[in-house]
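protein21.pdb (PDB, C-alpha atoms, pLDDT in the B column)
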```pdb
ATOM      1  CA  GLY B 283     -10.704 -20.521   5.181  1.00 52.00           C
ATOM      2  CA  PHE B 284     -11.247 -20.219   1.487  1.00 51.00           C
ATOM      3  CA  VAL B 285     -11.248 -16.405   1.473  1.00 54.00           C
ATOM      4  CA  LEU B 286      -7.730 -16.393   2.897  1.00 57.00           C
ATOM      5  CA  LEU B 287      -6.629 -19.109   0.462  1.00 57.00           C
ATOM      6  CA  ALA B 288      -8.000 -17.102  -2.456  1.00 54.00           C
ATOM      7  CA  SER B 289      -6.018 -14.068  -1.263  1.00 61.00           C
ATOM      8  CA  VAL B 290      -2.601 -15.749  -1.419  1.00 67.00           C
ATOM      9  CA  ASN B 291      -2.053 -14.400  -4.934  1.00 70.00           C
ATOM     10  CA  ASP B 292      -1.963 -10.881  -3.410  1.00 73.00           C
ATOM     11  CA  VAL B 293       1.732 -11.568  -2.811  1.00 81.00           C
ATOM     12  CA  ALA B 294       2.393 -11.417  -6.564  1.00 79.00           C
ATOM     13  CA  ARG B 295       1.621  -7.699  -6.528  1.00 82.00           C
ATOM     14  CA  PHE B 296       4.856  -7.066  -4.611  1.00 87.00           C
ATOM     15  CA  ALA B 297       6.814  -8.463  -7.557  1.00 84.00           C
ATOM     16  CA  ALA B 298       4.870  -6.252  -9.950  1.00 81.00           C
ATOM     17  CA  ARG B 299       5.459  -3.039  -8.003  1.00 85.00           C
ATOM     18  CA  PHE B 300       8.921  -3.539  -6.513  1.00 89.00           C
ATOM     19  CA  GLY B 301      10.429  -6.501  -8.382  1.00 86.00           C
ATOM     20  CA  MET B 302      11.218  -9.944  -6.980  1.00 88.00           C
ATOM     21  CA  LYS B 303      14.808  -9.040  -6.101  1.00 91.00           C
ATOM     22  CA  ASN B 304      13.886  -5.912  -4.144  1.00 92.00           C
ATOM     23  CA  THR B 305      10.967  -7.622  -2.406  1.00 92.00           C
ATOM     24  CA  GLY B 306      13.218 -10.487  -1.327  1.00 93.00           C
ATOM     25  CA  ARG B 307      15.802  -8.022  -0.037  1.00 94.00           C
ATOM     26  CA  TYR B 308      13.242  -6.041   1.955  1.00 95.00           C
ATOM     27  CA  LEU B 309      11.924  -9.257   3.504  1.00 93.00           C
ATOM     28  CA  HIS B 310      15.454 -10.429   4.346  1.00 95.00           C
ATOM     29  CA  ASN B 311      16.312  -7.091   5.960  1.00 94.00           C
ATOM     30  CA  PHE B 312      13.091  -7.201   7.944  1.00 94.00           C
ATOM     31  CA  LEU B 313      13.697 -10.736   9.229  1.00 93.00           C
ATOM     32  CA  THR B 314      17.339 -10.101  10.134  1.00 94.00           C
ATOM     33  CA  ASN B 315      16.666  -6.789  11.913  1.00 94.00           C
ATOM     34  CA  LYS B 316      13.330  -7.536  13.566  1.00 92.00           C
ATOM     35  CA  GLU B 317      13.534  -5.117  16.488  1.00 93.00           C
ATOM     36  CA  PHE B 318      14.451  -2.059  14.426  1.00 95.00           C
ATOM     37  CA  ALA B 319      12.170  -3.138  11.570  1.00 95.00           C
ATOM     38  CA  LYS B 320       9.276  -3.373  14.014  1.00 94.00           C
ATOM     39  CA  LEU B 321       9.855   0.262  14.998  1.00 95.00           C
ATOM     40  CA  SER B 322       9.689   1.195  11.324  1.00 96.00           C
ATOM     41  CA  MET B 323       6.530  -0.863  10.757  1.00 94.00           C
ATOM     42  CA  ASP B 324       4.839   0.625  13.824  1.00 94.00           C
ATOM     43  CA  GLU B 325       5.616   4.136  12.630  1.00 96.00           C
ATOM     44  CA  LEU B 326       4.165   3.376   9.196  1.00 95.00           C
ATOM     45  CA  LYS B 327       1.069   1.862  10.764  1.00 93.00           C
ATOM     46  CA  GLN B 328       0.369   5.169  12.506  1.00 94.00           C
ATOM     47  CA  THR B 329       1.503   7.680   9.880  1.00 95.00           C
ATOM     48  CA  VAL B 330       0.046   5.899   6.844  1.00 93.00           C
ATOM     49  CA  GLY B 331      -3.039   4.730   8.752  1.00 89.00           C
ATOM     50  CA  ILE B 332      -3.133   0.942   8.488  1.00 90.00           C
ATOM     51  CA  TYR B 333      -5.779  -0.468  10.823  1.00 83.00           C
ATOM     52  CA  GLU B 334      -7.222  -3.430   8.956  1.00 77.00           C
ATOM     53  CA  ILE B 335      -7.723  -5.571  12.063  1.00 71.00           C
ATOM     54  CA  LEU B 336      -9.764  -2.803  13.664  1.00 71.00           C
ATOM     55  CA  LEU B 337     -11.596  -1.333  10.661  1.00 66.00           C
ATOM     56  CA  GLN B 338     -11.348  -4.142   8.076  1.00 68.00           C
ATOM     57  CA  THR B 339     -11.586  -1.523   5.323  1.00 68.00           C
ATOM     58  CA  ARG B 340     -10.391  -3.775   2.504  1.00 65.00           C
ATOM     59  CA  PHE B 341     -12.623  -6.712   3.450  1.00 60.00           C
ATOM     60  CA  PHE B 342     -15.656  -4.429   3.706  1.00 63.00           C
ATOM     61  CA  GLU B 343     -14.838  -2.635   0.439  1.00 62.00           C
ATOM     62  CA  LEU B 344     -14.366  -5.860  -1.517  1.00 59.00           C
ATOM     63  CA  GLY B 345     -17.656  -7.153  -0.142  1.00 59.00           C
ATOM     64  CA  ASP B 346     -19.322  -3.816  -0.967  1.00 57.00           C
ATOM     65  CA  VAL B 347     -20.583  -3.681   2.609  1.00 57.00           C
ATOM     66  CA  LEU B 348     -19.710  -0.004   2.993  1.00 54.00           C
ATOM     67  CA  GLU B 349     -21.669   0.790  -0.182  1.00 54.00           C
ATOM     68  CA  ARG B 350     -24.709  -0.925   1.325  1.00 52.00           C
ATOM     69  CA  LYS B 351     -24.271   0.530   4.802  1.00 56.00           C
ATOM     70  CA  GLY B 352     -27.624   1.188   6.446  1.00 57.00           C
ATOM     71  CA  THR B 353     -29.058   2.455   9.698  1.00 63.00           C
ATOM     72  CA  THR B 354     -31.558  -0.294  10.537  1.00 69.00           C
ATOM     73  CA  ILE B 355     -30.925  -2.904  13.218  1.00 72.00           C
ATOM     74  CA  ALA B 356     -30.759  -5.601  10.525  1.00 62.00           C
ATOM     75  CA  ASP B 357     -28.087  -3.633   8.636  1.00 61.00           C
ATOM     76  CA  LYS B 358     -26.002  -3.148  11.768  1.00 65.00           C
ATOM     77  CA  VAL B 359     -26.260  -6.833  12.723  1.00 66.00           C
ATOM     78  CA  SER B 360     -25.279  -7.838   9.183  1.00 61.00           C
ATOM     79  CA  GLU B 361     -22.257  -5.516   9.326  1.00 62.00           C
ATOM     80  CA  LYS B 362     -21.178  -6.959  12.693  1.00 65.00           C
ATOM     81  CA  LEU B 363     -21.478 -10.522  11.396  1.00 62.00           C
ATOM     82  CA  PHE B 364     -19.518  -9.651   8.266  1.00 58.00           C
ATOM     83  CA  GLY B 365     -16.749  -8.144  10.405  1.00 61.00           C
ATOM     84  CA  ALA B 366     -16.676 -11.206  12.658  1.00 64.00           C
ATOM     85  CA  ALA B 367     -16.351 -13.413   9.572  1.00 60.00           C
ATOM     86  CA  GLY B 368     -13.289 -11.434   8.495  1.00 61.00           C
ATOM     87  CA  LEU B 369     -11.592 -12.085  11.816  1.00 62.00           C
ATOM     88  CA  LEU B 370     -12.556 -15.765  11.967  1.00 66.00           C
ATOM     89  CA  GLN B 371     -11.287 -16.383   8.441  1.00 69.00           C
ATOM     90  CA  LEU B 372      -8.023 -14.567   9.317  1.00 73.00           C
ATOM     91  CA  ILE B 373      -8.471 -12.243   6.346  1.00 77.00           C
ATOM     92  CA  ALA B 374      -8.208  -9.157   8.589  1.00 80.00           C
ATOM     93  CA  PRO B 375      -4.755 -10.109  10.001  1.00 83.00           C
ATOM     94  CA  TRP B 376      -3.677 -11.097   6.473  1.00 85.00           C
ATOM     95  CA  ASN B 377      -4.661  -7.698   5.049  1.00 86.00           C
ATOM     96  CA  GLN B 378      -3.009  -5.923   7.995  1.00 89.00           C
ATOM     97  CA  THR B 379       0.270  -7.761   7.447  1.00 90.00           C
ATOM     98  CA  LEU B 380       0.250  -7.248   3.680  1.00 91.00           C
ATOM     99  CA  ARG B 381      -0.524  -3.550   3.889  1.00 91.00           C
ATOM    100  CA  GLN B 382       2.125  -2.910   6.539  1.00 94.00           C
ATOM    101  CA  PHE B 383       4.794  -4.742   4.549  1.00 95.00           C
ATOM    102  CA  ALA B 384       3.665  -2.940   1.392  1.00 95.00           C
ATOM    103  CA  ALA B 385       4.162   0.384   3.205  1.00 96.00           C
ATOM    104  CA  PHE B 386       7.530  -0.848   4.488  1.00 96.00           C
ATOM    105  CA  SER B 387       8.593  -1.793   0.942  1.00 96.00           C
ATOM    106  CA  ALA B 388       7.279   1.424  -0.622  1.00 96.00           C
ATOM    107  CA  MET B 389       9.109   3.563   1.935  1.00 97.00           C
ATOM    108  CA  HIS B 390      12.391   1.757   1.286  1.00 97.00           C
ATOM    109  CA  ARG B 391      11.966   1.983  -2.477  1.00 96.00           C
ATOM    110  CA  ILE B 392      11.410   5.747  -2.408  1.00 97.00           C
ATOM    111  CA  LEU B 393      14.282   6.419   0.008  1.00 97.00           C
ATOM    112  CA  GLU B 394      16.643   4.130  -1.917  1.00 96.00           C
ATOM    113  CA  ILE B 395      15.918   5.994  -5.141  1.00 96.00           C
ATOM    114  CA  ALA B 396      16.450   9.286  -3.291  1.00 96.00           C
ATOM    115  CA  GLN B 397      19.817   8.099  -1.953  1.00 95.00           C
ATOM    116  CA  LYS B 398      20.856   6.865  -5.387  1.00 93.00           C
ATOM    117  CA  ALA B 399      19.901  10.161  -7.018  1.00 94.00           C
ATOM    118  CA  ALA B 400      21.779  12.145  -4.351  1.00 93.00           C
ATOM    119  CA  THR B 401      24.886   9.970  -4.547  1.00 91.00           C
ATOM    120  CA  LEU B 402      25.131   9.173  -8.268  1.00 89.00           C
ATOM    121  CA  GLY B 403      23.090  12.045  -9.621  1.00 87.00           C
ATOM    122  CA  LYS B 404      20.919   9.755 -11.728  1.00 87.00           C
ATOM    123  CA  MET B 405      18.154   7.136 -11.682  1.00 90.00           C
ATOM    124  CA  SER B 406      16.657   4.717 -14.160  1.00 90.00           C
ATOM    125  CA  LYS B 407      13.727   5.622 -16.400  1.00 87.00           C
ATOM    126  CA  GLU B 408      11.544   3.063 -14.593  1.00 86.00           C
ATOM    127  CA  GLU B 409      12.411   4.548 -11.196  1.00 90.00           C
ATOM    128  CA  TYR B 410      11.580   8.054 -12.392  1.00 91.00           C
ATOM    129  CA  LYS B 411       8.235   6.902 -13.816  1.00 88.00           C
ATOM    130  CA  ALA B 412       7.404   5.127 -10.543  1.00 88.00           C
ATOM    131  CA  LEU B 413       8.062   8.323  -8.582  1.00 93.00           C
ATOM    132  CA  LEU B 414       5.958  10.482 -10.901  1.00 92.00           C
ATOM    133  CA  GLU B 415       3.159   7.933 -10.723  1.00 88.00           C
ATOM    134  CA  ASN B 416       3.084   8.506  -6.971  1.00 92.00           C
ATOM    135  CA  GLY B 417       3.230  12.284  -7.218  1.00 93.00           C
ATOM    136  CA  ILE B 418       6.940  12.842  -6.480  1.00 96.00           C
ATOM    137  CA  ASP B 419       9.075  14.910  -8.861  1.00 94.00           C
ATOM    138  CA  LEU B 420      12.836  15.454  -8.674  1.00 94.00           C
ATOM    139  CA  GLN B 421      12.566  18.587  -6.548  1.00 95.00           C
ATOM    140  CA  MET B 422      10.289  16.873  -4.027  1.00 96.00           C
ATOM    141  CA  LEU B 423      12.574  13.835  -3.997  1.00 96.00           C
ATOM    142  CA  GLN B 424      15.483  16.073  -2.992  1.00 95.00           C
ATOM    143  CA  ARG B 425      13.409  17.586  -0.187  1.00 97.00           C
ATOM    144  CA  ILE B 426      12.418  14.122   1.063  1.00 97.00           C
ATOM    145  CA  HIS B 427      16.035  12.968   1.011  1.00 97.00           C
ATOM    146  CA  LYS B 428      17.147  16.076   2.886  1.00 97.00           C
ATOM    147  CA  GLN B 429      14.585  15.530   5.652  1.00 97.00           C
ATOM    148  CA  PHE B 430      15.319  11.810   5.970  1.00 97.00           C
ATOM    149  CA  THR B 431      19.068  12.446   6.116  1.00 96.00           C
ATOM    150  CA  LYS B 432      18.544  14.943   8.914  1.00 96.00           C
ATOM    151  CA  TYR B 433      15.874  13.231  11.018  1.00 97.00           C
ATOM    152  CA  GLY B 434      15.666   9.597   9.878  1.00 96.00           C
ATOM    153  CA  ASP B 435      17.774   6.582  10.746  1.00 96.00           C
ATOM    154  CA  GLU B 436      19.095   3.445   9.061  1.00 95.00           C
ATOM    155  CA  VAL B 437      20.310   0.160  10.546  1.00 94.00           C
ATOM    156  CA  ASN B 438      21.560  -2.619   8.271  1.00 92.00           C
ATOM    157  CA  GLY B 439      19.424  -1.559   5.330  1.00 92.00           C
ATOM    158  CA  VAL B 440      16.271  -0.894   7.381  1.00 96.00           C
ATOM    159  CA  PHE B 441      14.979   2.690   7.338  1.00 97.00           C
ATOM    160  CA  LEU B 442      13.135   4.544  10.089  1.00 96.00           C
ATOM    161  CA  ALA B 443      11.742   7.706   8.484  1.00 96.00           C
ATOM    162  CA  GLU B 444      10.702   9.584  11.662  1.00 96.00           C
ATOM    163  CA  THR B 445       8.385  11.769   9.558  1.00 97.00           C
ATOM    164  CA  ALA B 446       6.837  13.294  12.701  1.00 95.00           C
ATOM    165  CA  LYS B 447      10.127  15.155  13.225  1.00 96.00           C
ATOM    166  CA  TRP B 448      10.423  16.502   9.669  1.00 97.00           C
ATOM    167  CA  ARG B 449      10.319  20.301   9.557  1.00 97.00           C
ATOM    168  CA  ASP B 450       9.363  20.298   5.859  1.00 97.00           C
ATOM    169  CA  ARG B 451       5.763  19.171   6.305  1.00 96.00           C
ATOM    170  CA  LYS B 452       4.969  19.323   2.575  1.00 97.00           C
ATOM    171  CA  ALA B 453       7.782  16.846   1.938  1.00 97.00           C
ATOM    172  CA  ALA B 454       6.452  14.590   4.703  1.00 97.00           C
ATOM    173  CA  GLU B 455       2.931  14.794   3.299  1.00 97.00           C
ATOM    174  CA  ALA B 456       4.086  14.001  -0.252  1.00 97.00           C
ATOM    175  CA  PHE B 457       6.188  11.104   1.061  1.00 97.00           C
ATOM    176  CA  LEU B 458       3.341   9.558   3.077  1.00 97.00           C
ATOM    177  CA  ASN B 459       0.787  10.092   0.293  1.00 96.00           C
ATOM    178  CA  ALA B 460       3.102   8.267  -2.125  1.00 96.00           C
ATOM    179  CA  ILE B 461       3.353   5.365   0.327  1.00 97.00           C
ATOM    180  CA  ARG B 462      -0.441   5.261   0.787  1.00 94.00           C
ATOM    181  CA  ARG B 463      -0.998   5.165  -2.953  1.00 91.00           C
ATOM    182  CA  GLU B 464       1.580   2.428  -3.388  1.00 91.00           C
ATOM    183  CA  VAL B 465      -0.038   0.373  -0.628  1.00 92.00           C
ATOM    184  CA  ASP B 466      -3.394   0.549  -2.421  1.00 86.00           C
ATOM    185  CA  GLN B 467      -1.692  -0.470  -5.669  1.00 86.00           C
ATOM    186  CA  VAL B 468       0.022  -3.467  -4.080  1.00 86.00           C
ATOM    187  CA  VAL B 469      -2.876  -4.638  -1.890  1.00 84.00           C
ATOM    188  CA  LEU B 470      -5.733  -3.878  -4.238  1.00 78.00           C
ATOM    189  CA  THR B 471      -8.378  -1.909  -2.371  1.00 71.00           C
ATOM    190  CA  PRO B 472     -11.438  -0.316  -4.019  1.00 65.00           C
ATOM    191  CA  GLY B 473     -11.914   3.379  -3.416  1.00 60.00           C
ATOM    192  CA  PHE B 474     -13.602   6.424  -4.928  1.00 57.00           C
ATOM    193  CA  GLY B 475     -13.905   6.011  -8.678  1.00 57.00           C
ATOM    194  CA  SER B 476     -13.270   2.261  -8.614  1.00 60.00           C
ATOM    195  CA  ARG B 477     -16.878   1.330  -9.364  1.00 60.00           C
ATOM    196  CA  PRO B 478     -19.252   2.427 -12.149  1.00 59.00           C
ATOM    197  CA  LEU B 479     -21.582   5.284 -11.239  1.00 61.00           C
ATOM    198  CA  MET B 480     -24.559   2.958 -11.581  1.00 60.00           C
ATOM    199  CA  ALA B 481     -23.160   0.807  -8.769  1.00 60.00           C
ATOM    200  CA  SER B 482     -24.061   3.617  -6.354  1.00 61.00           C
ATOM    201  CA  THR B 483     -27.769   3.388  -7.134  1.00 65.00           C
ATOM    202  CA  THR B 484     -30.167   1.164  -5.184  1.00 64.00           C
ATOM    203  CA  LEU B 485     -30.463  -1.334  -8.048  1.00 63.00           C
ATOM    204  CA  GLY B 486     -26.778  -1.100  -8.912  1.00 61.00           C
ATOM    205  CA  LYS B 487     -25.715  -1.987  -5.376  1.00 59.00           C
ATOM    206  CA  HIS B 488     -27.451  -5.347  -5.821  1.00 60.00           C
ATOM    207  CA  LEU B 489     -26.350  -5.970  -9.402  1.00 62.00           C
ATOM    208  CA  PHE B 490     -22.700  -5.012  -8.912  1.00 60.00           C
ATOM    209  CA  GLN B 491     -22.077  -6.401  -5.410  1.00 60.00           C
ATOM    210  CA  PHE B 492     -18.838  -8.446  -5.165  1.00 57.00           C
ATOM    211  CA  HIS B 493     -17.607  -6.988  -8.483  1.00 56.00           C
ATOM    212  CA  SER B 494     -15.385  -4.321  -6.903  1.00 60.00           C
ATOM    213  CA  PHE B 495     -12.234  -6.428  -7.110  1.00 57.00           C
ATOM    214  CA  SER B 496     -12.735  -6.896 -10.872  1.00 59.00           C
ATOM    215  CA  TYR B 497     -12.963  -3.145 -11.407  1.00 55.00           C
ATOM    216  CA  VAL B 498      -9.960  -2.208  -9.297  1.00 59.00           C
ATOM    217  CA  ALA B 499      -7.904  -5.077 -10.765  1.00 57.00           C
ATOM    218  CA  THR B 500      -8.642  -3.863 -14.294  1.00 60.00           C
ATOM    219  CA  ASN B 501      -7.377  -0.380 -13.429  1.00 61.00           C
ATOM    220  CA  SER B 502      -4.410  -1.353 -11.268  1.00 60.00           C
ATOM    221  CA  ILE B 503      -3.202  -4.545 -12.935  1.00 59.00           C
ATOM    222  CA  LEU B 504      -4.285  -4.541 -16.579  1.00 58.00           C
ATOM    223  CA  LEU B 505      -4.200  -0.844 -17.485  1.00 57.00           C
ATOM    224  CA  THR B 506      -1.156  -0.047 -15.342  1.00 62.00           C
ATOM    225  CA  GLY B 507       0.624  -3.155 -16.618  1.00 61.00           C
ATOM    226  CA  LEU B 508       0.067  -2.115 -20.216  1.00 58.00           C
ATOM    227  CA  GLN B 509       1.763   1.197 -19.461  1.00 60.00           C
ATOM    228  CA  ARG B 510       4.688  -0.531 -17.708  1.00 63.00           C
ATOM    229  CA  PRO B 511       5.638  -3.497 -19.938  1.00 57.00           C
ATOM    230  CA  ASP B 512       8.694  -4.527 -17.915  1.00 58.00           C
ATOM    231  CA  MET B 513      10.055  -7.634 -16.190  1.00 58.00           C
ATOM    232  CA  MET B 514       8.401  -6.778 -12.865  1.00 59.00           C
ATOM    233  CA  GLN B 515       4.961  -7.037 -14.466  1.00 53.00           C
ATOM    234  CA  LEU B 516       5.929 -10.330 -16.088  1.00 56.00           C
ATOM    235  CA  ASN B 517       7.193 -11.701 -12.751  1.00 56.00           C
ATOM    236  CA  SER B 518       3.862 -10.948 -11.092  1.00 50.00           C
ATOM    237  CA  ILE B 519       1.987 -12.947 -13.712  1.00 51.00           C
TER     238      ILE B 519
END
```
Serialized structure, C-alpha cells:
Amino acid sequence: GFVLLASVNDVARFAARFGMKNTGRYLHNFLTNKEFAKLSMDELKQTVGIYEILLQTRFFELGDVLERKGTTIADKVSEKLFGAAGLLQLIAPWNQTLRQFAAFSAMHRILEIAQKAATLGKMSKEEYKALLENGIDLQMLQRIHKQFTKYGDEVNGVFLAETAKWRDRKAAEAFLNAIRREVDQVVLTPGFGSRPLMASTTLGKHLFQFHSFSYVATNSILLTGLQRPDMMQLNSI
C-alpha cells in the first residue's frame, strides 16, 4: 500500500548516480535482451548478495527492527509480523527489483568506463571521481578490464561479468565491493555508522526509531550531492 507508494521516489536515485540517459539505456538494453540480461541479473544476485525477498534487510533496517531485535517470544512474533507486512505491501519485491537493477547499472557503468579508458586512454573527471568513490583506482580498473575481457561476455550492450571465473581475485573483490557500495547509494539502506551512537542505547532505540532513513539520506543525498554539483544530481531532484 502506502509504504510502496512512498518508495516510488527511490527511482530518482538512479538519475543521481548514473544519469537519466545512462539509466534509460541500461533499462532499454535489459528489456530488449531479456534472456541474456536475466543471466547477468542472476549472477549479480548471487555474487553481490541481494536477497531482499528472503531477508528483507532494507525494510527491517528502515524500521529499525534489527536494532531492536530481541530473544523473547513477543520479539520474535513482532519480527515475523513485520516481515509478513513487508511481503503483503509488496515492499520486499520492490526492494529486490531496485537493488538488482542498481547492481546491473553499476556493473555496466564500471565496465563501460573501463572499456573507454582502455580504448581511448582517457575518462571524464566525473567518471574518475565516481570510481575513486567506490574504491577503484586506475590500476585496479585496468585489472578489472583485463579479467572481464578474458572471462566475461557481452551481447547487444548487456554485460555478463562471470566474476567466479576471474583468476585475479583481488580485482573481482574490488569490482563486487564497488557494486555493493553503489547499490547501497542508489537504494538507500542504513548500515553501520548511519545512526547516532545514542540510537544504540535502550532509550535511543525508542527515541530514534524510524529516523534511519533521514540519517542515511543526509549522508548519501545531501552531503554527497554537495560534493558532486552536476546535472545528474539536479535530475534526481
### Task
Give me, please, the distance in Å between CA of Lys428 (chain B) and CA of Ala388 (chain B), quoted to one decimal.
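Rounded to one decimal, the two atoms are 18.0 Å apart.
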### Query
Care to translate the PyMOL selection byres ((chain B and resi 412) around 10) into actual residues of this file, as a list in words?
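Applied to this file, the PyMOL selection byres ((chain B and resi 412) around 10) selects Arg299, Phe300, Arg391, Ile392, Ser406, Lys407, Glu408, Glu409, Tyr410, Lys411, Leu413, Leu414, Glu415, Asn416, Gly417, Ile418, Ala460, Glu464 and Arg510 of chain B.
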### Query
Which is closer to Gln378 (chain B) than all the others in B:Val469, B:Lys447, B:Asp419, B:Ala298, using only C-alpha atoms?
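Among the listed residues, the smallest separation from Gln378 (chain B) belongs to B:Val469.
Across the model, the gap from CA of Arg451 (chain B) to CA of Gln467 (chain B) is 24.2 Å.
CA of Val440 (chain B) is found 13.2 Å from CA of Asp324 (chain B).
Using all atoms listed in the file for every distance, the candidate list B:Asp466, B:Asp450, B:Glu455, B:Glu444 yields B:Glu444 as the residue closest to Met323 (chain B).
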### Query
Which residue gives the smallest distance to Ala374 (chain B) among B:Lys452, B:Arg463, B:Leu336, B:Thr401, with all atoms listed in the file counted?
B:Leu336
Coordinates of box centre and edge lengths for region 291-308 of chain B, 6 Å on every side, axis-aligned, as JSON:
```
{"center_x": 6.9, "center_y": -8.7, "center_z": -4.0, "size_x": 29.9, "size_y": 23.4, "size_z": 23.9}
```
### Query
Which residues match the PyMOL selection byres ((chain B and resi 387) around 10) in the file above, as a ChimeraX atom specification?
/B:296,299-300,304-305,307-309,312,381-386,388-392,461,464-465
### Task
Give me the result of the PyMOL selection byres ((chain B and resi 433) around 7) on this file, residue by residue, as number ranges by chain.
B: 429-432, 434-435, 444, 447-448
Selected residues written out with C-alpha atoms, as a short mmCIF file (atom, residue, chain, number, x, y, z; two decimals), keeping the file's coordinate frame:
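Resulting contents of result18.cif:
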```
data_model
loop_
_atom_site.label_atom_id
_atom_site.label_comp_id
_atom_site.auth_asym_id
_atom_site.auth_seq_id
_atom_site.Cartn_x
_atom_site.Cartn_y
_atom_site.Cartn_z
CA GLN B 429 14.58 15.53 5.65
CA PHE B 430 15.32 11.81 5.97
CA THR B 431 19.07 12.45 6.12
CA LYS B 432 18.54 14.94 8.91
CA GLY B 434 15.67 9.60 9.88
CA ASP B 435 17.77 6.58 10.75
CA GLU B 444 10.70 9.58 11.66
CA LYS B 447 10.13 15.16 13.22
CA TRP B 448 10.42 16.50 9.67
#
```
Within 12 Å of Asn438 (chain B), counting all atoms listed in the file, which residues qualify if same-chain residues fewer than 3 places away don't, as a short mmCIF file (atom, residue, chain, number, x, y, z; two decimals) with C-alpha atoms, keeping the file's coordinate frame?
```
data_model
loop_
_atom_site.label_atom_id
_atom_site.label_comp_id
_atom_site.auth_asym_id
_atom_site.auth_seq_id
_atom_site.Cartn_x
_atom_site.Cartn_y
_atom_site.Cartn_z
CA ARG B 307 15.80 -8.02 -0.04
CA TYR B 308 13.24 -6.04 1.96
CA HIS B 310 15.45 -10.43 4.35
CA ASN B 311 16.31 -7.09 5.96
CA PHE B 312 13.09 -7.20 7.94
CA LEU B 313 13.70 -10.74 9.23
CA THR B 314 17.34 -10.10 10.13
CA ASN B 315 16.67 -6.79 11.91
CA LYS B 316 13.33 -7.54 13.57
CA GLU B 317 13.53 -5.12 16.49
CA PHE B 318 14.45 -2.06 14.43
CA ALA B 319 12.17 -3.14 11.57
CA ASP B 435 17.77 6.58 10.75
CA PHE B 441 14.98 2.69 7.34
CA LEU B 442 13.14 4.54 10.09
#
```
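If all atoms listed in the file are the atoms counted, then among B:Thr445, B:Phe457, B:Val330, B:Gly439 the closest residue to Glu394 (chain B) is B:Gly439.
The residue that comes closest to Leu380 (chain B), out of B:Val468, B:Ala400, B:Leu458, B:Met422 and on the basis of only C-alpha atoms, is B:Val468.
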### Query
Which one is closest to Gln397 (chain B): B:Ala294, B:His427, B:Trp376, B:Leu420? Count all atoms listed in the file.
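The shortest atom-to-atom distance to Gln397 (chain B) comes from B:His427.
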Could you add N, CA and C atoms to region 410-421 of chain B and give me the result as a compact mmCIF listing (two decimals), in the coordinates of the input?
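Final file, out-v8.txt:
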```
# COMPACT_ATOMS: atom_id res chain seq x y z
N TYR B 410 12.13 6.71 -12.26
CA TYR B 410 11.58 8.05 -12.39
C TYR B 410 10.07 8.00 -12.66
N LYS B 411 9.66 7.07 -13.51
CA LYS B 411 8.24 6.90 -13.82
C LYS B 411 7.46 6.48 -12.57
N ALA B 412 8.06 5.59 -11.77
CA ALA B 412 7.40 5.13 -10.54
C ALA B 412 7.20 6.27 -9.56
N LEU B 413 8.18 7.17 -9.47
CA LEU B 413 8.06 8.32 -8.58
C LEU B 413 6.97 9.27 -9.06
N LEU B 414 6.97 9.58 -10.35
CA LEU B 414 5.96 10.48 -10.90
C LEU B 414 4.55 9.91 -10.74
N GLU B 415 4.45 8.60 -10.88
CA GLU B 415 3.16 7.93 -10.72
C GLU B 415 2.60 8.15 -9.33
N ASN B 416 3.50 8.30 -8.36
CA ASN B 416 3.08 8.51 -6.97
C ASN B 416 3.16 9.97 -6.54
N GLY B 417 3.30 10.86 -7.51
CA GLY B 417 3.23 12.28 -7.22
C GLY B 417 4.51 12.91 -6.69
N ILE B 418 5.67 12.30 -6.96
CA ILE B 418 6.94 12.84 -6.48
C ILE B 418 7.82 13.21 -7.68
N ASP B 419 8.16 14.49 -7.81
CA ASP B 419 9.07 14.91 -8.86
C ASP B 419 10.49 15.02 -8.29
N LEU B 420 11.44 15.41 -9.10
CA LEU B 420 12.84 15.45 -8.67
C LEU B 420 13.06 16.44 -7.53
N GLN B 421 12.40 17.59 -7.61
CA GLN B 421 12.57 18.59 -6.55
C GLN B 421 12.03 18.07 -5.22
```
